[in-house]
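Asker: My structure is stored as structure-v3.cif, with mmCIF, C-alpha atoms.
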```
data_start
loop_
_atom_site.label_atom_id
_atom_site.label_comp_id
_atom_site.auth_asym_id
_atom_site.auth_seq_id
_atom_site.Cartn_x
_atom_site.Cartn_y
_atom_site.Cartn_z
CA MET A 1 38.04 1.42 14.60
CA ASN A 2 35.13 -0.79 13.59
CA LEU A 3 34.50 -3.85 11.47
CA SER A 4 31.60 -3.95 9.05
CA ASN A 5 30.47 -6.38 6.38
CA VAL A 6 32.09 -9.16 8.36
CA VAL A 7 32.18 -12.59 6.72
CA ILE A 8 33.91 -15.48 8.47
CA SER A 9 34.04 -18.62 6.33
CA ARG A 10 35.12 -22.14 7.14
CA VAL A 11 37.58 -23.52 4.61
CA THR A 12 38.23 -27.24 4.32
CA GLN A 13 40.54 -27.48 1.27
CA PRO A 14 43.44 -27.87 0.82
CA ILE A 15 43.70 -27.85 4.63
CA PRO A 16 41.27 -26.75 7.32
CA ASP A 17 41.35 -23.00 7.65
CA TRP A 18 39.22 -19.92 8.17
CA ASN A 19 38.81 -17.01 5.80
CA ILE A 20 38.00 -13.54 7.07
CA LYS A 21 36.53 -10.66 5.13
CA ALA A 22 35.48 -7.28 6.51
CA ASP A 23 35.78 -3.59 6.00
CA ILE A 24 37.83 -1.81 8.62
CA THR A 25 36.17 1.55 9.17
CA ASP A 26 36.45 4.64 11.31
CA ASP A 27 33.58 5.89 13.44
CA ALA A 28 32.27 7.94 10.52
CA GLY A 29 31.98 4.81 8.43
CA ASN A 30 34.94 5.58 6.17
CA VAL A 31 36.72 2.44 5.02
CA LEU A 32 40.27 2.49 6.31
CA SER A 33 41.26 -0.87 4.92
CA THR A 34 39.98 -4.36 4.23
CA PHE A 35 41.10 -7.94 4.61
CA GLY A 36 41.50 -8.12 0.84
CA VAL A 37 39.05 -8.68 -1.96
CA ASP A 38 39.05 -12.43 -1.35
CA GLY A 39 39.58 -12.16 2.38
CA THR A 40 42.53 -13.30 4.46
CA SER A 41 43.51 -16.83 5.35
CA VAL A 42 43.93 -17.22 9.10
CA ASN A 43 46.56 -19.92 8.65
CA ASP A 44 48.62 -17.79 6.27
CA TRP A 45 48.33 -14.79 8.55
CA TRP A 46 49.26 -16.81 11.63
CA ASN A 47 52.37 -18.21 9.99
CA SER A 48 53.45 -14.75 8.97
CA GLN A 49 53.46 -13.47 12.54
CA SER A 50 56.55 -13.16 14.70
CA GLU A 51 57.68 -15.98 16.96
CA GLU A 52 57.07 -13.79 20.00
CA PHE A 53 53.51 -13.08 18.94
CA GLN A 54 52.78 -16.73 18.24
CA LEU A 55 54.29 -17.82 21.54
CA GLU A 56 51.98 -15.44 23.43
CA TYR A 57 48.94 -17.10 21.92
CA VAL A 58 50.34 -20.60 22.19
CA GLY A 59 50.42 -20.02 25.93
CA ILE A 60 46.72 -19.22 25.84
CA PHE A 61 46.03 -22.29 23.71
CA MET A 62 47.97 -24.40 26.18
CA SER A 63 45.66 -23.64 29.07
CA VAL A 64 42.58 -24.24 26.94
CA MET A 65 44.04 -27.49 25.65
CA ALA A 66 44.88 -28.60 29.18
CA VAL A 67 41.25 -28.24 30.21
CA GLN A 68 40.12 -30.19 27.17
CA ILE A 69 42.67 -32.95 27.65
CA ALA A 70 42.12 -33.34 31.37
CA GLY A 71 38.38 -32.92 31.02
CA THR A 72 38.15 -30.69 34.05
CA ASP A 73 38.79 -27.18 35.26
CA MET B 74 1.44 -13.88 52.60
CA ALA B 75 3.76 -15.34 55.20
CA THR B 76 7.27 -14.41 56.23
CA TYR B 77 9.95 -16.99 56.86
CA TYR B 78 13.49 -16.86 58.18
CA VAL B 79 16.76 -18.68 57.59
CA LYS B 80 19.97 -18.50 59.62
CA THR B 81 23.05 -20.67 59.77
CA THR B 82 22.35 -21.62 63.37
CA GLY B 83 18.72 -22.47 62.70
CA SER B 84 17.06 -25.85 62.25
CA ASN B 85 15.07 -27.18 59.33
CA ALA B 86 12.92 -28.95 61.91
CA SER B 87 11.76 -25.59 63.24
CA ALA B 88 8.76 -23.64 62.03
CA GLY B 89 10.79 -21.01 60.19
CA THR B 90 8.24 -18.35 61.07
CA SER B 91 10.41 -16.18 63.33
CA THR B 92 14.06 -15.31 63.74
CA GLY B 93 14.11 -17.55 66.79
CA THR B 94 12.66 -20.51 64.92
CA ALA B 95 14.55 -19.92 61.69
CA TRP B 96 15.39 -22.70 59.27
CA GLN B 97 19.02 -23.60 58.73
CA THR B 98 19.36 -23.93 54.97
CA ILE B 99 18.27 -21.92 52.00
CA ASN B 100 17.69 -25.09 50.02
CA TYR B 101 15.15 -26.29 52.54
CA ALA B 102 13.41 -22.92 52.58
CA LEU B 103 13.10 -22.80 48.79
CA GLY B 104 12.43 -26.52 48.42
CA ALA B 105 9.15 -28.27 47.86
CA THR B 106 8.45 -29.27 51.45
CA SER B 107 9.05 -26.19 53.57
CA GLY B 108 5.58 -24.77 53.12
CA VAL B 109 6.74 -21.54 51.49
CA ALA B 110 4.13 -20.36 49.03
CA SER B 111 4.01 -17.89 46.20
CA GLY B 112 4.01 -14.32 47.50
CA ASP B 113 5.80 -15.07 50.74
CA THR B 114 8.94 -13.33 51.96
CA ILE B 115 12.06 -15.12 53.13
CA TYR B 116 14.76 -13.31 55.07
CA ILE B 117 18.20 -14.86 55.19
CA ALA B 118 20.57 -13.92 58.01
CA ALA B 119 24.16 -12.93 57.42
CA GLY B 120 26.41 -15.95 57.22
CA VAL B 121 27.99 -18.54 54.98
CA TYR B 122 25.64 -21.09 53.45
CA ARG B 123 27.60 -23.95 51.92
CA GLU B 124 24.89 -25.63 49.92
CA ILE B 125 23.41 -26.23 46.50
CA VAL B 126 20.00 -24.65 46.18
CA THR B 127 17.26 -25.74 43.81
CA VAL B 128 13.98 -23.86 43.92
CA GLY B 129 11.24 -26.43 44.39
CA PHE B 130 8.16 -24.73 45.77
CA THR B 131 5.23 -23.61 43.63
CA THR B 132 6.16 -20.08 42.68
CA SER B 133 3.27 -18.66 40.68
CA PRO B 134 1.43 -16.26 40.65
CA ALA B 135 2.74 -13.67 43.15
CA THR B 136 6.30 -12.50 43.64
CA THR B 137 8.22 -14.31 46.35
CA ASN B 138 10.99 -12.17 47.81
CA ILE B 139 14.18 -13.81 48.99
CA ILE B 140 16.17 -11.14 50.78
CA GLY B 141 19.58 -11.24 52.39
CA ASP B 142 19.46 -9.39 55.71
CA THR B 143 22.81 -7.80 55.04
CA ASN B 144 22.20 -4.73 57.20
CA GLY B 145 21.00 -6.77 60.14
CA SER B 146 17.64 -5.05 60.38
CA ILE B 147 15.84 -8.37 60.80
CA PHE B 148 18.26 -10.63 62.67
CA GLY B 149 20.32 -7.96 64.40
CA THR B 150 23.63 -8.85 62.82
CA ALA B 151 24.87 -7.21 59.66
CA GLY B 152 27.08 -9.03 57.20
CA GLU B 153 27.31 -10.78 53.92
CA VAL B 154 24.80 -13.44 52.97
CA ARG B 155 27.04 -15.84 51.14
CA LEU B 156 25.73 -18.87 49.29
CA THR B 157 28.63 -20.94 48.03
CA ALA B 158 29.22 -24.17 46.14
CA PHE B 159 32.42 -24.69 48.09
CA LEU B 160 30.60 -27.09 50.34
CA THR B 161 33.41 -28.17 52.65
CA ASN B 162 35.47 -25.02 53.00
CA ASP B 163 37.10 -22.46 50.75
CA ASP B 164 40.23 -24.57 50.32
CA THR B 165 38.56 -27.74 49.09
CA ALA B 166 37.26 -28.27 45.58
CA GLY B 167 33.66 -27.20 45.34
CA SER B 168 30.60 -28.83 43.85
CA THR B 169 30.30 -29.02 40.08
CA SER B 170 26.61 -28.19 40.34
CA ASP B 171 25.03 -24.83 39.72
CA THR B 172 24.80 -23.10 43.08
CA LEU B 173 21.33 -21.57 42.80
CA SER B 174 19.10 -23.00 40.10
CA MET B 175 15.49 -22.89 39.10
CA THR B 176 13.64 -24.57 36.25
CA SER B 177 10.31 -23.25 35.01
CA LYS B 178 9.80 -21.13 38.09
CA THR B 179 8.18 -17.72 38.13
CA TYR B 180 7.89 -14.52 40.13
CA LEU B 181 11.03 -14.84 42.19
CA SER B 182 13.08 -11.92 43.44
CA PHE B 183 16.52 -12.45 44.96
CA LYS B 184 18.18 -9.52 46.67
CA ASN B 185 21.32 -8.81 48.69
CA MET B 186 23.03 -12.14 48.20
CA ARG B 187 26.48 -13.25 47.20
CA VAL B 188 26.31 -16.45 45.18
CA GLU B 189 29.49 -18.36 44.32
CA SER B 190 30.06 -21.36 42.12
CA ALA B 191 33.06 -23.60 41.63
CA THR B 192 32.63 -24.98 38.12
CA GLY B 193 28.88 -24.63 37.58
CA TYR B 194 26.97 -21.41 37.24
CA ALA B 195 26.42 -19.35 40.35
CA VAL B 196 22.85 -18.67 39.26
CA ARG B 197 21.05 -20.59 36.55
CA VAL B 198 17.53 -19.94 35.34
CA GLN B 199 16.13 -22.60 33.06
CA GLY B 200 13.06 -23.82 31.21
CA SER B 201 9.99 -21.64 31.12
CA SER B 202 11.03 -19.49 34.03
CA THR B 203 9.61 -15.97 33.91
CA ASN B 204 9.58 -12.83 36.02
CA ILE B 205 12.86 -13.56 37.75
CA THR B 206 14.66 -10.62 39.34
CA LEU B 207 18.25 -10.64 40.54
CA GLU B 208 18.93 -7.43 42.43
CA LYS B 209 21.99 -6.29 44.34
CA CYS B 210 23.49 -9.72 44.05
CA HIS B 211 27.15 -10.58 43.67
CA MET B 212 27.67 -13.60 41.45
CA THR B 213 31.08 -15.15 40.98
CA THR B 214 32.53 -18.31 39.55
CA THR B 215 35.95 -19.89 39.44
CA GLY B 216 34.82 -22.18 36.65
CA SER B 217 35.60 -21.92 32.99
CA SER B 218 32.38 -20.22 32.11
CA GLY B 219 29.60 -18.00 33.35
CA ALA B 220 28.48 -16.72 36.70
CA CYS B 221 24.85 -16.40 35.60
CA ARG B 222 22.92 -17.99 32.77
CA PHE B 223 19.37 -17.75 31.53
CA ASP B 224 18.35 -20.79 29.46
CA ILE B 225 15.02 -19.83 27.96
CA SER B 226 12.68 -22.38 26.43
CA THR B 227 11.04 -22.11 23.04
CA GLY B 228 8.65 -19.22 22.71
CA VAL B 229 9.05 -17.96 26.27
CA THR B 230 9.21 -14.27 27.09
CA SER B 231 11.26 -14.19 30.24
CA ASN B 232 10.30 -10.77 31.61
CA SER B 233 13.36 -11.04 33.82
CA VAL B 234 15.73 -8.43 35.15
CA VAL B 235 19.29 -8.42 36.37
CA LYS B 236 19.93 -5.10 38.09
CA ASP B 237 22.45 -3.54 40.43
CA CYS B 238 24.55 -6.68 40.35
CA ILE B 239 28.25 -7.47 40.20
CA LEU B 240 29.24 -10.51 38.16
CA ILE B 241 32.78 -11.81 37.96
CA GLY B 242 34.10 -14.86 36.15
CA ARG B 243 36.47 -16.10 33.51
CA ALA B 244 34.46 -16.17 30.31
CA ASN B 245 30.99 -15.31 29.06
CA VAL B 246 30.09 -14.19 32.53
CA LEU B 247 26.43 -13.30 31.98
CA GLN B 248 24.77 -15.56 29.41
CA ILE B 249 21.38 -15.26 27.77
CA ALA B 250 20.57 -18.47 25.89
CA PRO B 251 17.07 -18.71 24.42
CA VAL B 252 15.90 -21.46 22.12
CA ALA B 253 15.29 -20.08 18.64
CA SER B 254 12.56 -21.89 16.79
CA SER B 255 9.89 -20.90 14.30
CA GLY B 256 8.33 -17.51 14.81
CA ALA B 257 9.35 -14.32 16.51
CA VAL B 258 9.99 -14.31 20.24
CA ASN B 259 10.51 -11.36 22.54
CA VAL B 260 13.05 -12.77 24.97
CA GLY B 261 12.38 -10.00 27.45
CA ILE B 262 15.60 -9.67 29.42
CA THR B 263 16.81 -6.40 30.93
CA ILE B 264 20.31 -5.97 32.30
CA THR B 265 20.83 -2.67 34.04
CA ASN B 266 23.34 -1.14 36.45
CA CYS B 267 25.51 -4.24 36.36
CA PHE B 268 29.28 -4.39 36.64
CA ILE B 269 30.61 -7.42 34.81
CA MET B 270 34.19 -8.60 34.68
CA ALA B 271 35.77 -11.33 32.56
CA SER B 272 39.29 -12.40 31.70
CA THR B 273 38.53 -13.92 28.30
CA SER B 274 35.70 -14.40 25.80
CA SER B 275 32.94 -11.98 26.72
CA CYS B 276 31.31 -10.23 29.65
CA ILE B 277 27.75 -10.42 28.30
CA PHE B 278 27.17 -13.33 25.95
CA LEU B 279 24.03 -13.65 23.85
CA LEU B 280 23.68 -17.02 22.21
CA SER B 281 20.86 -19.34 21.23
CA SER B 282 20.14 -22.91 20.40
CA GLY B 283 18.20 -23.54 17.23
CA THR B 284 18.68 -21.59 14.07
CA THR B 285 15.19 -20.66 12.92
CA GLY B 286 12.89 -17.90 14.05
CA THR B 287 13.89 -14.51 15.35
CA LEU B 288 14.73 -13.32 18.83
CA SER B 289 14.37 -9.82 20.21
CA GLY B 290 13.96 -7.91 23.44
CA ILE B 291 17.38 -7.70 25.07
CA THR B 292 18.02 -4.37 26.78
CA ILE B 293 21.34 -3.46 28.36
CA THR B 294 21.56 -0.08 30.04
CA ASN B 295 24.09 1.64 32.29
CA CYS B 296 26.33 -1.35 32.62
CA THR B 297 30.09 -1.37 32.96
CA THR B 298 32.04 -4.28 31.57
CA PHE B 299 35.71 -4.82 32.15
CA GLY B 300 37.92 -7.35 30.41
CA GLY B 301 37.40 -10.29 28.12
CA ALA B 302 37.99 -10.41 24.40
CA THR B 303 34.58 -8.81 23.81
CA GLY B 304 32.43 -6.70 26.08
CA ILE B 305 29.03 -7.65 24.65
CA LEU B 306 28.95 -10.50 22.15
CA VAL B 307 26.03 -11.71 20.05
CA ASN B 308 27.25 -14.89 18.45
CA THR B 309 24.22 -16.45 16.78
CA ALA B 310 22.09 -15.42 13.85
CA PRO B 311 18.53 -15.61 15.23
CA TYR B 312 18.82 -12.32 17.07
CA ALA B 313 17.00 -9.88 14.82
CA VAL B 314 18.39 -6.60 13.59
CA GLY B 315 18.05 -4.14 16.44
CA SER B 316 17.11 -6.86 18.90
CA VAL B 317 19.81 -5.98 21.40
CA THR B 318 19.74 -2.43 22.71
CA VAL B 319 22.87 -1.14 24.41
CA LYS B 320 22.80 2.33 25.94
CA ASN B 321 24.72 4.29 28.57
CA CYS B 322 27.30 1.54 28.92
CA LEU B 323 31.02 1.73 29.56
CA ILE B 324 32.90 -1.06 27.85
CA THR B 325 36.58 -1.13 28.68
CA GLY B 326 39.63 -3.31 29.25
CA VAL B 327 38.71 -5.30 26.18
CA THR B 328 39.79 -6.03 22.62
CA THR B 329 36.40 -5.61 20.92
CA ALA B 330 33.70 -3.64 22.70
CA LEU B 331 30.58 -4.72 20.82
CA SER B 332 30.35 -7.65 18.42
CA ALA B 333 27.37 -8.79 16.39
CA ASN B 334 27.05 -12.06 14.50
CA VAL B 335 24.77 -10.43 11.95
CA THR B 336 25.12 -6.81 10.94
CA ASP B 337 23.15 -4.43 13.17
CA GLN B 338 21.78 -7.00 15.62
CA ILE B 339 22.98 -4.54 18.25
CA SER B 340 21.47 -1.08 18.37
CA GLU B 341 23.79 1.12 20.36
CA ASP B 342 24.06 4.75 21.40
CA TYR B 343 25.31 6.92 24.27
CA ASN B 344 28.03 4.41 25.11
CA ARG B 345 31.69 4.84 25.92
CA LEU B 346 33.75 2.20 24.18
CA ALA B 347 37.24 2.54 25.63
CA CYS B 348 38.79 -0.59 24.18
CA PHE B 349 42.04 -1.84 22.72
CA ASN B 350 41.20 -1.51 19.08
CA ILE B 351 37.85 -2.68 17.68
CA SER B 352 34.97 -0.58 18.97
CA ARG B 353 32.32 -2.41 17.03
CA SER B 354 32.21 -5.47 14.82
CA GLY B 355 29.14 -6.12 12.72
CA PHE B 356 27.58 -2.66 12.50
CA SER B 357 26.46 -0.51 9.61
CA VAL B 358 24.79 1.97 11.93
CA THR B 359 26.65 3.36 14.91
CA GLY B 360 25.38 5.48 17.75
CA ALA B 361 25.74 9.17 17.05
CA ASN B 362 26.35 9.88 20.72
CA THR B 363 28.76 7.05 21.43
CA ILE B 364 32.35 8.00 22.10
CA THR B 365 35.10 5.58 21.17
CA VAL B 366 38.09 7.34 22.61
CA GLY B 367 39.06 8.09 26.16
CA THR B 368 41.13 6.96 29.07
CA PHE B 369 40.79 3.60 30.72
CA GLY B 370 37.76 4.69 32.65
CA ILE B 371 37.66 2.96 36.00
CA ASP B 372 39.57 3.85 39.11
CA LEU B 373 40.53 0.63 40.80
CA GLY B 374 41.64 2.22 44.02
CA ALA B 375 44.41 4.57 42.99
CA GLY B 376 43.23 7.20 45.46
CA PHE B 377 43.78 4.87 48.35
CA LEU B 378 47.07 3.70 46.91
CA THR B 379 48.53 7.15 46.59
CA GLY B 380 46.88 8.71 49.61
CA SER B 381 44.96 11.25 47.57
CA SER B 382 41.71 9.94 48.97
CA ARG B 383 40.42 7.23 51.27
CA HIS B 384 38.60 5.48 48.50
CA LEU B 385 39.14 1.79 48.92
CA PHE B 386 38.10 0.41 45.58
CA VAL B 387 36.80 1.53 42.22
CA GLN B 388 36.01 5.04 43.34
CA PRO B 389 36.11 7.73 40.67
CA TYR B 390 39.00 10.13 40.99
CA LEU B 391 38.13 12.48 38.18
CA THR B 392 35.45 15.02 38.85
CA GLY B 393 32.47 16.06 36.85
CA VAL B 394 33.59 14.03 33.93
CA VAL B 395 30.68 12.01 32.76
CA ASN B 396 27.49 13.77 33.74
CA GLY B 397 25.39 14.27 30.69
CA ASP B 398 27.11 11.68 28.57
CA GLY B 399 24.16 9.31 28.76
CA THR B 400 20.54 9.48 27.78
CA ALA B 401 17.67 9.55 30.23
CA THR B 402 15.53 7.47 27.88
CA GLY B 403 15.25 4.03 29.36
CA ALA B 404 17.88 4.71 32.00
CA PRO B 405 17.48 3.58 35.60
CA VAL B 406 16.57 6.32 38.08
CA ASN B 407 19.29 5.28 40.52
CA ASP B 408 22.78 3.93 40.03
CA ILE B 409 24.10 0.57 41.23
CA TYR B 410 24.44 1.94 44.75
CA SER B 411 20.92 3.36 44.84
CA TYR B 412 22.10 6.93 44.41
CA ALA B 413 19.82 9.10 42.31
CA ARG B 414 21.15 9.76 38.85
CA PRO B 415 21.05 13.26 37.37
CA ALA B 416 19.22 13.82 34.11
CA PRO B 417 20.69 13.00 31.75
CA PRO B 418 22.56 10.32 33.62
CA SER B 419 26.15 9.27 33.30
CA ILE B 420 27.24 6.19 31.49
CA GLY B 421 28.24 3.07 33.38
CA VAL B 422 26.99 1.69 36.65
CA ALA B 423 27.72 4.51 39.07
CA GLU B 424 27.34 8.25 39.16
CA ASN B 425 30.37 10.34 39.89
CA ASN B 426 28.16 13.17 41.10
CA PRO B 427 24.84 11.68 42.15
CA VAL B 428 21.93 13.89 43.04
CA SER B 429 21.29 12.25 46.38
CA ALA B 430 21.29 8.95 48.18
CA GLY B 431 18.11 7.11 47.32
CA SER B 432 16.17 4.64 49.37
CA GLY B 433 18.33 1.74 50.41
CA ALA B 434 21.60 3.48 49.66
CA VAL B 435 24.59 3.06 51.91
CA THR B 436 25.45 6.68 52.56
CA ALA B 437 29.03 6.82 53.77
CA PRO B 438 31.62 6.14 52.69
CA ARG B 439 30.53 5.68 49.13
CA TYR B 440 32.60 3.31 47.06
CA THR B 441 31.71 3.31 43.43
CA ILE B 442 32.42 1.74 40.12
CA ASN B 443 32.38 4.78 37.95
CA ALA B 444 33.20 5.76 34.44
CA GLY B 445 36.04 8.07 35.26
CA ILE B 446 36.62 9.22 31.73
CA ASN B 447 35.95 12.22 29.61
#
```
What's the structure tokens form of this structure?
Answerer:
Amino acid sequence: MNLSNVVISRVTQPIPDWNIKADITDDAGNVLSTFGVDGTSVNDWWNSQSEEFQLEYVGIFMSVMAVQIAGTD
Amino acid sequence: MATYYVKTTGSNASAGTSTGTAWQTINYALGATSGVASGDTIYIAAGVYREIVTVGFTTSPATTNIIGDTNGSIFGTAGEVRLTAFLTNDDTAGSTSDTLSMTSKTYLSFKNMRVESATGYAVRVQGSSTNITLEKCHMTTTGSSGACRFDISTGVTSNSVVKDCILIGRANVLQIAPVASSGAVNVGITITNCFIMASTSSCIFLLSSGTTGTLSGITITNCTTFGGATGILVNTAPYAVGSVTVKNCLITGVTTALSANVTDQISEDYNRLACFNISRSGFSVTGANTITVGTFGIDLGAGFLTGSSRHLFVQPYLTGVVNGDGTATGAPVNDIYSYARPAPPSIGVAENNPVSAGSGAVTAPRYTINAGIN
């Protein structure tokens, strides 16, 4: 699976967000799916995910945040 | 052209011109006051060197070779030549500095060294440095970012090579970071026969400062990357279409194998992209000879675990599986262990069925990092 025509846009209104657009293709270049005509909101997608999925990534965020907060490795 | 020597039991007050009068520290040898001149050779004895090294001598115009005497042919004792930023011991927090650094230095070749950093880079090349070669070096970091980084000044063609190296770190383990300004610049970096491992972000990270101009001239051949979110990541726009060539590489243990910031910055073919789900991001043209399916690809010692072989680590356990998958065009003659590659060669850093042991190869037993997939 590949991504082509990727567009990642910063969104500031109504709240900070990112918008993702791309074609999801197979190795032959056939479009399997897309992120929608207008793209997909990362915030909306994140909030639609399961608690288990979110918790997995929150754990990753936590370690990154700890480094930022403490200002050291 | 003179030859100098460094050993842990030496003295920086000595002449440095024989094994018996060797200097004690690498930093003194490569500093501004040792007397080393461009074109000289420096042998470093096996041992642990707990120091921060900054190249200070005048390096142009001939190649100065800095060679770890790992087989003991010079000093009589074989072993690892280990340069580490853990200055006190391995259990005490290390220096935050880059372990081995050079700024605007030229014609330097480092070979047979293990270089470790704590939170800095293990090796950092900066400024207008050119013609730097890192060969058969093992670079590791416990820090948040890379083991090796090339910061390249505006308009500089580096003409540098990283070959036959192992690089291990957390994120963005091998970084190429030129300044992009007006005009077109051939960055001139070749990465070949390198095994690179990351736990997050990317294994090979191509970035730039500045947003104007165009960058080109990155060649990545016969490398194996393992782990990270992305195997090879181009994350800034100045890299021109086709400016990053990736061939004969095995990218595995990763979410996205190849990722371009701008469509078709990466020109790829003859690769094996054995990844979680996204083979390529940011491509309209894909390599006709690249294969995006297959098993995991690297044996991490299963033969020794199960008793099927005495292979200690990363030895291939599948036979005859990858010969001919690569392209001979632009490929290195030998693999990471100096074994002659067949034609066409395999993908990845090591040959499963090499033609013969080349010059400098350790002949037995042979431990390899091989693309064990088909």
Asker: With all atoms listed in the file as the atoms that count, which of A:Val64, A:Val58, A:Met1, A:Val7 lies nearest to Gly39 (chain A)?
Answerer: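 Between A:Val64, A:Val58, A:Met1, A:Val7, the residue approaching Gly39 (chain A) most closely is A:Val7.
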Asker: Find the residues with any atom within 6 Å of (27.3, -10.7, 30.0); use all atoms listed in the file and the coordinates as given in the file, and write the answer as a list in words.
Answerer: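 Residues with an atom close enough to that point: Asn245, Val246, Leu247, Gln248, Cys276, Ile277 and Phe278 of chain B.
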Asker: Return as a ChimeraX atom specification the residues belonging to chain B that are within 10 Å of chain A, counting all atoms listed in the file.
Answerer: /B:169,191-192,215-218,329-337,348-361,363-366
Asker: I need the residue set behind the PyMOL selection byres ((chain B and resi 260) around 7) for this file; please write it as number ranges by chain.
Answerer: B: 229-231, 258-259, 261-262, 288-291
Asker: Kindly extract all protein, DNA and RNA residues lying within 12 Å of the coordinates (22.9, -23.1, 46.0) given in the file, considering all atoms listed in the file, and supply them as JSON, numbers by chain.
Answerer: {"B": [98, 99, 100, 101, 102, 103, 104, 121, 122, 123, 124, 125, 126, 127, 128, 155, 156, 157, 158, 159, 160, 167, 168, 169, 170, 171, 172, 173, 174, 175, 186, 187, 188, 189, 190, 191, 193, 194, 195, 196, 197, 212]}
